[in-house]
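Input: a single structure, listed below in C-alpha cells.
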Amino acid sequence: MIVFLYTLLLFHQLHTKAENTPCQTMGDPKYPLLSKDGDVTIGGIFAIHRKETLPSFEFIQKPQHLLCSSVNLRDFRLAQIMIFAIEEINRSESLLPNVSIGYRIYDTCGSRLSTMSATIGVMNGQDFGPGDRCNGRPPLHAIIGESESSATVILSRTTGPFEIPVISPSATCECLSNRKDYPSFFRTIASDYHQSRALAYIVKHFGWSWVGAVNSDNDYGNNGMAVFLKIAQEEGICIEYSVKFYRTESEKLKKVVDTIKKGTAKVIVAFVSFVEMGLLIDQLSIQNIAGFQMIGVESWITTKNYITPNSFNSLGGSLGFAVRKNNIEGFADYVINEFWDTAFPCSQSEMNSSQYALICNRYEDLLVLKNYNEDVAEQRYASNVYKAVHAVAHSLHSLLKCKEQEGCEKSLAIQPQEVVDALKNVNFTIKMGDHVWFDSTGGAVAQYEVVNWQQDSDGLFQFKSVGYYDASLPPLQRLVLNTKNIIWAGGQLKKPSSVCSESCPPGTRKAVQKGRPVCCYDCIPCAEGEISNETDSINCKQCPGEYWSNAEKNNCVLKNLEFLSFTEVMGIVLVFFSLFGIGITVLVAILFYSKKDTPIIKANNSELSFLLLFSLTLCFLCSLTFIGRPTELSCMLRHTAFGITFVLCISCVLGKTVVVLMAFKATLPGRNVMKWFGPAQQRLSVLIFTLIQVLICVLWLTISPPFPYKNMKYYKEKIILECNLGSTIGFWAVLGYIGLLAALCFILSFLARKLPDNFNEAKFITFSMLIFCAVWITFIPAYVSSPGKFTVAVEIFAILASSFGLLFCIFAPKCYIILLKPEQNTKQNIMGKTTSRSY
C-alpha cells in the first residue's frame with residue numbers, strides 16, 4: 001500500500017513539473033504560407049507547390065530550408081476556397097455569430113518529408129514567448145487537408161494521438177475508412193472503394209475484357225487498384241498488365257510507358273495520382289503514343305492544365321469519374337480581387353522593396369495567378385473544402401452553444417475530441433443545395449460524374465459530362481451513360497474494341513488458351529449434334545434425342561426421317577421392277593390361258609401353273625408394301641404378306657416337282673402312284689403348306705407384331721423410320737419355313753435329274769431353286785449389315801430377284817416353245833423318249 005501511494009505521488013510531481021516547464025521549439029519553426037488569427041483556429045495543409053528541391057546534406061553546416069517550386073493550381077484554389085468559406089462564416093450572423101475563425105495554411109510542396117514538417121508546424125502553433133508553459137493542448141480545433149491519400153495517411157497518423165479532427169476534401173484511399181486506425185479522420189469525398197467498383201462496371205458496360213492497368217505506387221493508387229483488380233476478376237475482366245510508379249522513379253515510369261507501347265490492350269485504367277499523371281502524360285506526348293482509350297479517376301480526369309494540344313493527341317477521348325461540379329457563388333471574383341487584397345500576406349503597397357525582397361520571395365510564383373480565374377469553373381474539389389469548413393463551423397456552433405441573438409459562449413474550452421464527436425453528428429445543407437453528413441467511416445456518399453475529354457468545333461478542349469454514378473441507388477441504376485455523346489480515343493465515333501480474343505459466335509464454344517488468362521481463348525465449333533445459341537458460350541449443349549444441330553450449330557432442328565419412299569430414285573427403280581414383274585407374270589398367265597389346250601400346258605399341270613403365276617403376282621405386289629412411310633398396318637402387312645405369298649409360291653413349285661416325279665414313276669410297269677397325288681391331293685398339299693405359314697404369321701402378329709420404330713442408334717444425324725420386327729423369332733420362323741420348303745423342293749428336283757429331257761421340267765425347277773436359295777442365303781448377311789432404308793431395299797431386291805428367278809426358270813422355256821417353236825408343242829414331242837443325260 002505504501003509503495004502504491006509513493007508511486008502515485010511521484011507521477012503527480014512529474015505531471016506538475018511538466019505543466020510548469022517552459023516550452024521552446026527545437027530547430028527553426030515552420031511558418032504557415034497563409035494565416036490569420038481568430039477566436040478559434042482551423043489548420044490547412046495543401047500541396048500548393050508540387051516540386052521540392054532538397055539542400056545538400058554535407059553535415060558541415062546547418063541545412064538550408066527546402067525550396068518549393070512549380071505552383072499546383074488545384075491545391076492553391078483549395079487554400080483560397082478555405083479562406084473564402086472562413087470569411088463568409090465570419091460575416092454570418094447565424095453561424096458562430098460572435099466568434100471569429102482564424103486559419104493557418106501550410107504548403108507541403110507535394111513531398112512526404114514536408115508533409116511531416118507541415119503537420120508538426122500546424123500542431124505546434126506560433127513561436128513560444130519567454131515563460132510560455134506547455135499545457136498539452138494543440139492551438140487549433142481541426143485540420144483541413146491533405147489533398148492526396150498518402151500525405152493524408154501521414155497527417156492522420158501524426159494527429160491521431162492528439163485526437164485532432166482531420167477533414168480531407170480529396171483523399172479517397174479506402175484504407176482511411178478504418179476507424180480503428182483513423183478514429184478522428186473525416187472526408188467530404190467518397191472512398192475509392194466505390195470509384196474502383198465504378199471503374200470495373202464501366203469497363204464491363206462497354207464490353208472491354210482485355211485492359212491494361214497503371215497506378216501510382218502510393219496508398220491512393222495501390223489500394224484503389226487492388227479493389228479494381230478484385231472487382232474486375234469477379235466481372236470476368238482480364239488484366240494484360242498491372243504496372244505502377246512513383247513520381248520520383250523516372251526509370252519505372254519509362255518501363256510503364258514501354259509496357260503500354262508493347263501491350264495489345266487498347267483500354268488502359270489509370271488509377272494515378274494528380275502529380276504522377278502529369279509525368280505520365282508528358283512521356284506519352286514525348287513518345288507520341290496515341291490510340292489508347294484511357295479510363296481515369298477523379299484525381300486527374302478534370303485537371304484543366306493537363307488537357308493541351310500535345311496531351312490531347314495521346315489522351316483525347318479519355319473517360320473517367322469526376323467529383324460532381326458545384327459552382328460556389330462569388331468565388332470566381334474572390335480569387336482575382338478580394339483574396340489578394342485581404343488574405344495574401346505579401347502586397348507591394350504595404351512594404352518597401354527591401355522588406356518585399358526579404359519576406360516575399362516565397363510568394364513570387366503565386367502572384368502570376370493574380371488575374372487568372374478561368375480554371376475556377378472546373379475546380380471540383382473546391383466545394384469539398386467549402387463543405388469541410390462549414391462542417392467544422394457547425395460543430396463549433398453546437399459546442400459553443402451558439403444562439404442567433406445571444407451569440408456563443410466563447411469562454412468554453414473546447415477539446416479536439418469534442419469536435420470529433422460533434423462532426424459525427426453534423427447534418428446540414430449548404431447554399432448550393434448539397435446535403436452534408438458523414439457516414440460510419442467518416443466519408444461522404446459516392447456520387448460521380450462521368451466526363452469525356454472532347455474538342456469542340458472551335459478547337460477548344462472541354463470536359464463533357466456523359467453520365468453519372470450514384471452509389472446510393474440500387475445496383476442496376478447506379479451507372480447511367482449517354483453513349484451517343486461520347487467521343488472515343490483518336491476522335492472516333494465508334495467504340496473501340498479491347499479484347500484478347502474476339503467473341504465466339506453462336507455455334508462455337510470457348511476453349512481457354514493454355515497458360516493465358518481466361519479472356520484469351522480459341523473458338524471451337526460445336527460437335528455434331530451439339531449447339532450453342534449464345535455468344536461466348538463456355539459449353540455446347542447436346543440436342544434432345546429426336547433433334548440434331550443445324551449447319552450453323554446454333555439451333556436444334558428435328559432430325560430428318562429416313563425411309564424408302566416412292567419418290568426417290570431407289571424407290572422408283574424398285575417400283576418399276578415390281579410392276580414389270582407383275583406385267584410379265586400377267587402376260588405369261590394370259591399366254592398360258594390362251595394356250596391351255598396345247599400339249600405343253602396340259603403336260604405341265606396347268607392348274608398348279610396358274611396358281612404359281614397368281615402367287616408370283618402376289619410376290620411382286622407384296623414388295624410394294626415395303627416402300628413408303630412405315631405405319632402400324634404396313635409393318636404387319638409387309639412381312640406376313642411376304643411370308644404367306646412366298647410359301648404359296650414354293651408350295652406350288654413343290655407340288656409341280658412332286659407331280660413330275662409321280663408322273664415319271666407312273667410310267668413304270670406295275671406302278672399306279674398318280675392316284676395318291678392327283679389334283680385334289682395337290683390342292684390340299686398347297687393349302688396345308690400355306691396354312692402352316694398362316695398359323696405362324698397369326699401367332700407372330702398376336703404375340704409380338706411388327707410396329708413402326710424410330711431408330712436413332714445407327715445414325716446420329718437422322719432417324720431411320722423402320723419396321724421393328726417385334727418378335728425376331730417370328731420373323732426367322734417365317735423365313736426359316738420358306739427356306740425349309742425351298743430346300744425340300746430343291747432336293748426333290750435334284751432327284752429328278754435323270755428323267756428324259758423332253759419331259760424333264762425338274763431341271764428348270766432345280767435351276768429356279770438354286771437361284772432362289774442363292775438369293776436368300778446372300779440376303780441374310782446383306783440384310784444384317786445394310787443400314788437404314790438399304791435394309792428394306794435389300795429385302796425388296798431379294799423378293800424381286802427370287803420371284804424373277806422362279807418366273808423365268810420355270811415359265812421361260814415353255815413360253816419359248818409356245819411362241820418360237822410351236823412345232824415342238826405336240827403330244828408326240830412331249831411324250832418322245834431320248835437318252836437321258838445327267839448334268
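Going through the C-alpha cells in order, the chains are called A, B, and so on, while each chain numbers its residues from 1 and the ligands are numbered from 1 in the order shown.
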
What's around Cys504 (chain A) at 10 Å? Count only C-alpha atoms, leave out sequence neighbours fewer than 6 positions away in its own chain, and write the answer as a list in words.
Lys510, Ala511, Tyr521, Asp522, Cys523, Ile524, Pro525, Ser532, Glu534, Thr535, Asp536, Ser537 and Ile538 of chain A

Write out, as a compact mmCIF listing (two decimals), in the first residue's frame, the residues just selected, with C-alpha atoms.
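Writing the result to again33.txt gives the following:
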```txt
# COMPACT_ATOMS: atom_id res chain seq x y z
CA LYS A 510 -14.69 -21.03 -75.79
CA ALA A 511 -11.54 -23.05 -75.11
CA TYR A 521 -9.39 -18.37 -75.83
CA ASP A 522 -10.00 -20.16 -79.10
CA CYS A 523 -13.43 -20.59 -80.63
CA ILE A 524 -14.04 -24.31 -81.16
CA PRO A 525 -17.01 -25.33 -83.34
CA SER A 532 -24.56 -23.10 -78.58
CA GLU A 534 -25.31 -17.71 -77.15
CA THR A 535 -22.26 -15.58 -77.79
CA ASP A 536 -19.16 -16.67 -75.82
CA SER A 537 -20.72 -19.94 -74.73
CA ILE A 538 -18.48 -21.99 -72.45
```

Please give the complete set of residues from region 565-785 of chain A that DSSP, run on the backbone, assigns to alpha helix (DSSP H), formatted as a ChimeraX atom specification.
/A:569-594,599-603,606-622,632-666,679-703,728-751,762-785

Output C-alpha atoms of each residue in that selection to a file, as a compact mmCIF listing (two decimals), in the first residue's frame.
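again_0.txt written:
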```txt
# COMPACT_ATOMS: atom_id res chain seq x y z
CA VAL A 569 -34.66 -42.86 -107.27
CA MET A 570 -34.16 -46.17 -105.49
CA GLY A 571 -37.86 -46.43 -104.69
CA ILE A 572 -38.84 -45.60 -108.26
CA VAL A 573 -36.46 -48.25 -109.65
CA LEU A 574 -37.79 -50.93 -107.30
CA VAL A 575 -41.41 -49.99 -108.05
CA PHE A 576 -40.60 -50.19 -111.77
CA PHE A 577 -39.17 -53.71 -111.47
CA SER A 578 -42.04 -54.79 -109.25
CA LEU A 579 -44.61 -53.57 -111.76
CA PHE A 580 -42.52 -55.01 -114.58
CA GLY A 581 -42.59 -58.39 -112.85
CA ILE A 582 -46.34 -58.14 -112.37
CA GLY A 583 -46.77 -57.26 -116.05
CA ILE A 584 -44.62 -60.15 -117.25
CA THR A 585 -46.45 -62.56 -114.94
CA VAL A 586 -49.84 -61.38 -116.18
CA LEU A 587 -48.69 -61.71 -119.81
CA VAL A 588 -47.44 -65.25 -119.14
CA ALA A 589 -50.75 -66.08 -117.47
CA ILE A 590 -52.66 -64.71 -120.49
CA LEU A 591 -50.42 -66.69 -122.82
CA PHE A 592 -50.91 -69.88 -120.82
CA TYR A 593 -54.63 -69.34 -120.67
CA SER A 594 -54.83 -68.81 -124.41
CA PRO A 599 -49.90 -80.36 -125.00
CA ILE A 600 -47.13 -78.44 -123.26
CA ILE A 601 -49.60 -76.68 -120.97
CA LYS A 602 -51.54 -79.84 -120.21
CA ALA A 603 -48.37 -81.80 -119.62
CA SER A 606 -51.94 -76.16 -115.80
CA GLU A 607 -53.82 -75.77 -112.52
CA LEU A 608 -50.61 -75.53 -110.46
CA SER A 609 -49.03 -73.35 -113.12
CA PHE A 610 -51.86 -70.82 -112.92
CA LEU A 611 -51.72 -70.93 -109.11
CA LEU A 612 -47.95 -70.40 -109.27
CA LEU A 613 -48.40 -67.44 -111.60
CA PHE A 614 -51.01 -66.00 -109.23
CA SER A 615 -48.66 -66.42 -106.24
CA LEU A 616 -45.78 -64.82 -108.21
CA THR A 617 -48.04 -61.85 -108.94
CA LEU A 618 -48.69 -61.56 -105.20
CA CYS A 619 -44.95 -61.80 -104.53
CA PHE A 620 -44.27 -58.90 -106.87
CA LEU A 621 -47.13 -56.97 -105.31
CA CYS A 622 -46.02 -57.58 -101.71
CA GLU A 632 -48.64 -49.94 -88.00
CA LEU A 633 -50.68 -51.61 -90.73
CA SER A 634 -47.95 -51.65 -93.38
CA CYS A 635 -45.43 -53.12 -90.91
CA MET A 636 -47.71 -56.04 -90.13
CA LEU A 637 -48.74 -56.47 -93.76
CA ARG A 638 -45.33 -56.43 -95.41
CA HIS A 639 -43.78 -59.35 -93.54
CA THR A 640 -46.88 -61.52 -93.29
CA ALA A 641 -47.82 -60.97 -96.94
CA PHE A 642 -44.27 -61.72 -97.95
CA GLY A 643 -44.18 -64.92 -95.88
CA ILE A 644 -47.57 -66.26 -97.00
CA THR A 645 -47.21 -65.44 -100.72
CA PHE A 646 -43.75 -66.99 -100.90
CA VAL A 647 -44.91 -70.14 -99.13
CA LEU A 648 -47.83 -70.30 -101.58
CA CYS A 649 -45.33 -69.91 -104.43
CA ILE A 650 -42.89 -72.52 -103.12
CA SER A 651 -45.77 -74.90 -102.32
CA CYS A 652 -46.86 -74.69 -105.94
CA VAL A 653 -43.32 -75.36 -107.13
CA LEU A 654 -43.03 -78.22 -104.66
CA GLY A 655 -46.32 -79.62 -105.95
CA LYS A 656 -45.11 -79.40 -109.56
CA THR A 657 -41.88 -81.19 -108.56
CA VAL A 658 -43.78 -83.99 -106.87
CA VAL A 659 -46.11 -84.26 -109.88
CA VAL A 660 -43.11 -84.63 -112.21
CA LEU A 661 -41.66 -87.39 -110.04
CA MET A 662 -45.02 -89.15 -109.70
CA ALA A 663 -45.74 -88.86 -113.40
CA PHE A 664 -42.42 -90.48 -114.27
CA LYS A 665 -42.90 -93.26 -111.72
CA ALA A 666 -46.38 -93.90 -113.08
CA PRO A 679 -55.35 -82.81 -108.38
CA ALA A 680 -57.18 -82.99 -105.06
CA GLN A 681 -54.04 -84.02 -103.17
CA GLN A 682 -52.06 -81.31 -104.96
CA ARG A 683 -54.52 -78.61 -103.92
CA LEU A 684 -54.61 -80.00 -100.37
CA SER A 685 -50.80 -80.04 -100.07
CA VAL A 686 -50.56 -76.44 -101.24
CA LEU A 687 -53.31 -75.48 -98.80
CA ILE A 688 -51.71 -77.30 -95.85
CA PHE A 689 -48.25 -75.85 -96.51
CA THR A 690 -49.74 -72.36 -96.82
CA LEU A 691 -51.93 -72.71 -93.72
CA ILE A 692 -48.88 -73.62 -91.64
CA GLN A 693 -47.29 -70.30 -92.65
CA VAL A 694 -50.58 -68.50 -91.98
CA LEU A 695 -50.61 -70.04 -88.49
CA ILE A 696 -47.03 -68.90 -87.86
CA CYS A 697 -47.91 -65.38 -89.00
CA VAL A 698 -51.05 -65.26 -86.82
CA LEU A 699 -49.02 -66.30 -83.78
CA TRP A 700 -46.41 -63.69 -84.65
CA LEU A 701 -48.98 -60.91 -85.02
CA THR A 702 -50.75 -61.98 -81.83
CA ILE A 703 -47.73 -62.29 -79.55
CA THR A 728 -37.34 -61.76 -84.16
CA ILE A 729 -38.27 -65.39 -83.55
CA GLY A 730 -41.46 -64.87 -85.53
CA PHE A 731 -39.57 -63.29 -88.42
CA TRP A 732 -36.94 -66.01 -88.60
CA ALA A 733 -39.63 -68.68 -88.20
CA VAL A 734 -41.39 -67.26 -91.29
CA LEU A 735 -38.13 -67.05 -93.20
CA GLY A 736 -36.97 -70.45 -91.96
CA TYR A 737 -40.20 -72.12 -93.05
CA ILE A 738 -39.80 -70.67 -96.53
CA GLY A 739 -36.20 -71.90 -96.56
CA LEU A 740 -37.30 -75.36 -95.44
CA LEU A 741 -39.81 -75.68 -98.27
CA ALA A 742 -37.28 -74.33 -100.75
CA ALA A 743 -34.64 -76.83 -99.61
CA LEU A 744 -37.15 -79.66 -99.86
CA CYS A 745 -38.17 -78.55 -103.34
CA PHE A 746 -34.52 -78.33 -104.39
CA ILE A 747 -33.77 -81.84 -103.12
CA LEU A 748 -36.75 -83.37 -104.92
CA SER A 749 -35.96 -81.59 -108.15
CA PHE A 750 -32.36 -82.73 -107.84
CA LEU A 751 -33.50 -86.33 -107.50
CA ALA A 762 -37.43 -80.84 -112.84
CA LYS A 763 -34.29 -79.40 -114.41
CA PHE A 764 -35.87 -75.95 -114.65
CA ILE A 765 -37.26 -76.20 -111.15
CA THR A 766 -33.77 -77.09 -109.90
CA PHE A 767 -32.31 -74.02 -111.55
CA SER A 768 -35.05 -71.82 -110.12
CA MET A 769 -34.47 -73.21 -106.63
CA LEU A 770 -30.73 -72.70 -106.99
CA ILE A 771 -31.37 -69.04 -107.78
CA PHE A 772 -33.95 -68.76 -105.01
CA CYS A 773 -31.67 -70.30 -102.37
CA ALA A 774 -28.64 -68.31 -103.53
CA VAL A 775 -30.60 -65.07 -103.30
CA TRP A 776 -31.93 -65.71 -99.80
CA ILE A 777 -28.66 -67.08 -98.46
CA THR A 778 -26.85 -63.91 -99.57
CA PHE A 779 -29.80 -61.88 -98.28
CA ILE A 780 -29.09 -62.74 -94.65
CA PRO A 781 -25.65 -61.02 -94.26
CA ALA A 782 -26.69 -58.18 -96.56
CA TYR A 783 -29.86 -57.64 -94.51
CA VAL A 784 -27.98 -57.59 -91.22
CA SER A 785 -25.22 -55.24 -92.40
```

What are the closest atom pairs, with distances in Å to one decimal, for each residue of region 289-331 of chain A lying within 9 Å of region 432-443 of chain A, using only C-alpha atoms, rows by chain and rising residue number, as a tab-separated table?
```
residue	atom	partner	partner_atom	distance
A:Asn326	CA	A:Met432	CA	7.1
A:Asn327	CA	A:Met432	CA	7.8
A:Ile328	CA	A:Met432	CA	7.0
A:Glu329	CA	A:Met432	CA	8.4
```

Straight-line distance linking CA of Lys495 (chain A) with CA of Ile237 (chain A), stated in Å to one decimal:
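We find that CA of Lys495 (chain A) and CA of Ile237 (chain A) lie 17.3 Å from each other.
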
Gap from CA of Ser149 (chain A) to CA of Arg362 (chain A) - Å, one decimal
25.9 Å

Work out how far apart CA of Phe463 (chain A) and CA of His205 (chain A) are and give it in Å to one decimal.
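Between CA of Phe463 (chain A) and CA of His205 (chain A) the gap works out to 20.8 Å.
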
From a DSSP pass on the backbone, collect the residues of region 693-805 of chain A flagged as strand (DSSP E) and hand them back as a PDB file with N, CA and C atoms, in the first residue's frame.
```
ATOM      1  N   PHE A 707     -43.944 -53.258 -85.692  1.00  0.00           N
ATOM      2  CA  PHE A 707     -44.501 -51.919 -85.445  1.00  0.00           C
ATOM      3  C   PHE A 707     -43.510 -50.872 -85.949  1.00  0.00           C
ATOM      4  N   PRO A 708     -43.998 -49.662 -86.273  1.00  0.00           N
ATOM      5  CA  PRO A 708     -43.085 -48.591 -86.723  1.00  0.00           C
ATOM      6  C   PRO A 708     -42.149 -48.193 -85.586  1.00  0.00           C
ATOM      7  N   TYR A 709     -40.905 -47.956 -85.936  1.00  0.00           N
ATOM      8  CA  TYR A 709     -39.890 -47.678 -84.916  1.00  0.00           C
ATOM      9  C   TYR A 709     -38.901 -46.631 -85.437  1.00  0.00           C
ATOM     10  N   LYS A 710     -38.610 -45.654 -84.584  1.00  0.00           N
ATOM     11  CA  LYS A 710     -37.624 -44.625 -84.936  1.00  0.00           C
ATOM     12  C   LYS A 710     -36.256 -45.065 -84.417  1.00  0.00           C
ATOM     13  N   ASN A 711     -35.445 -45.493 -85.315  1.00  0.00           N
ATOM     14  CA  ASN A 711     -34.115 -45.986 -84.956  1.00  0.00           C
ATOM     15  C   ASN A 711     -33.123 -44.813 -84.949  1.00  0.00           C
ATOM     16  N   LYS A 718     -29.678 -38.503 -88.211  1.00  0.00           N
ATOM     17  CA  LYS A 718     -31.008 -38.728 -88.776  1.00  0.00           C
ATOM     18  C   LYS A 718     -31.670 -39.923 -88.098  1.00  0.00           C
ATOM     19  N   ILE A 719     -32.978 -39.996 -88.289  1.00  0.00           N
ATOM     20  CA  ILE A 719     -33.772 -41.070 -87.686  1.00  0.00           C
ATOM     21  C   ILE A 719     -34.173 -42.035 -88.790  1.00  0.00           C
ATOM     22  N   ILE A 720     -33.882 -43.292 -88.576  1.00  0.00           N
ATOM     23  CA  ILE A 720     -34.304 -44.321 -89.516  1.00  0.00           C
ATOM     24  C   ILE A 720     -35.695 -44.782 -89.101  1.00  0.00           C
ATOM     25  N   LEU A 721     -36.692 -44.459 -89.932  1.00  0.00           N
ATOM     26  CA  LEU A 721     -38.062 -44.901 -89.645  1.00  0.00           C
ATOM     27  C   LEU A 721     -38.226 -46.267 -90.291  1.00  0.00           C
ATOM     28  N   GLU A 722     -38.319 -47.273 -89.477  1.00  0.00           N
ATOM     29  CA  GLU A 722     -38.345 -48.646 -89.975  1.00  0.00           C
ATOM     30  C   GLU A 722     -39.385 -49.444 -89.219  1.00  0.00           C
ATOM     31  N   CYS A 723     -39.561 -50.646 -89.707  1.00  0.00           N
ATOM     32  CA  CYS A 723     -40.478 -51.559 -89.019  1.00  0.00           C
ATOM     33  C   CYS A 723     -39.669 -52.456 -88.098  1.00  0.00           C
ATOM     34  N   ASN A 724     -39.934 -52.329 -86.832  1.00  0.00           N
ATOM     35  CA  ASN A 724     -39.316 -53.232 -85.866  1.00  0.00           C
ATOM     36  C   ASN A 724     -40.013 -54.582 -85.958  1.00  0.00           C
TER      37      ASN A 724
END
```

Would you kindly return, as a list in words, each protein, DNA or RNA residue with an atom no farther than 8 Å from any atom of region 468-481 of chain A, considering only C-alpha atoms and excluding same-chain residues fewer than 5 positions away?
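After dropping sequence-adjacent residues, the list is His194, Ala198, Tyr201, Ile202, Val445, Ala446, Gln447, Tyr448, Glu449 and Val450 of chain A.
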
Emit the selected residues as an mmCIF file, in the first residue's frame, including N, CA, C and O atoms.
```cif
data_model
loop_
_atom_site.group_PDB
_atom_site.id
_atom_site.type_symbol
_atom_site.label_atom_id
_atom_site.label_comp_id
_atom_site.auth_asym_id
_atom_site.auth_seq_id
_atom_site.Cartn_x
_atom_site.Cartn_y
_atom_site.Cartn_z
ATOM 1 N N HIS A 194 -15.756 2.797 -53.859
ATOM 2 C CA HIS A 194 -16.858 2.986 -54.801
ATOM 3 C C HIS A 194 -16.334 3.334 -56.189
ATOM 4 O O HIS A 194 -16.859 2.862 -57.202
ATOM 5 N N ALA A 198 -16.834 1.333 -59.639
ATOM 6 C CA ALA A 198 -17.404 2.021 -60.797
ATOM 7 C C ALA A 198 -16.516 1.848 -62.026
ATOM 8 O O ALA A 198 -17.013 1.695 -63.156
ATOM 9 N N TYR A 201 -17.200 -1.499 -63.443
ATOM 10 C CA TYR A 201 -18.522 -1.559 -64.057
ATOM 11 C C TYR A 201 -18.556 -0.861 -65.418
ATOM 12 O O TYR A 201 -19.219 -1.328 -66.345
ATOM 13 N N ILE A 202 -17.834 0.253 -65.542
ATOM 14 C CA ILE A 202 -17.853 0.955 -66.833
ATOM 15 C C ILE A 202 -17.074 0.164 -67.879
ATOM 16 O O ILE A 202 -17.449 0.129 -69.054
ATOM 17 N N VAL A 445 -21.255 10.234 -49.334
ATOM 18 C CA VAL A 445 -21.898 9.336 -50.294
ATOM 19 C C VAL A 445 -21.176 9.448 -51.636
ATOM 20 O O VAL A 445 -20.804 10.544 -52.065
ATOM 21 N N ALA A 446 -20.979 8.316 -52.300
ATOM 22 C CA ALA A 446 -20.259 8.289 -53.584
ATOM 23 C C ALA A 446 -21.179 8.739 -54.706
ATOM 24 O O ALA A 446 -22.126 8.044 -55.078
ATOM 25 N N GLN A 447 -20.901 9.890 -55.237
ATOM 26 C CA GLN A 447 -21.631 10.420 -56.387
ATOM 27 C C GLN A 447 -20.614 11.007 -57.359
ATOM 28 O O GLN A 447 -19.926 11.973 -57.034
ATOM 29 N N TYR A 448 -20.514 10.383 -58.530
ATOM 30 C CA TYR A 448 -19.525 10.804 -59.512
ATOM 31 C C TYR A 448 -20.209 11.224 -60.808
ATOM 32 O O TYR A 448 -21.284 10.742 -61.156
ATOM 33 N N GLU A 449 -19.528 12.079 -61.507
ATOM 34 C CA GLU A 449 -19.933 12.474 -62.850
ATOM 35 C C GLU A 449 -18.975 11.803 -63.828
ATOM 36 O O GLU A 449 -17.768 11.763 -63.590
ATOM 37 N N VAL A 450 -19.512 11.226 -64.900
ATOM 38 C CA VAL A 450 -18.666 10.611 -65.932
ATOM 39 C C VAL A 450 -18.355 11.674 -66.974
ATOM 40 O O VAL A 450 -19.268 12.255 -67.575
#
```

Using only C-alpha atoms, pick whichever of A:Asn215, A:Asn373, A:Thr342, A:Ser94 has the shortest atom-to-atom distance to Glu406 (chain A).
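The shortest atom-to-atom distance to Glu406 (chain A) comes from A:Ser94.
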
Give me the residues near region 70-72 of chain A as a PyMOL selection string, where near means some atom within 10 Å (using only C-alpha atoms) and where sequence neighbours in that chain fewer than 4 positions away do not count.
chain A and resi 46-52+76-77+109-110+274-275+365-366+368-369
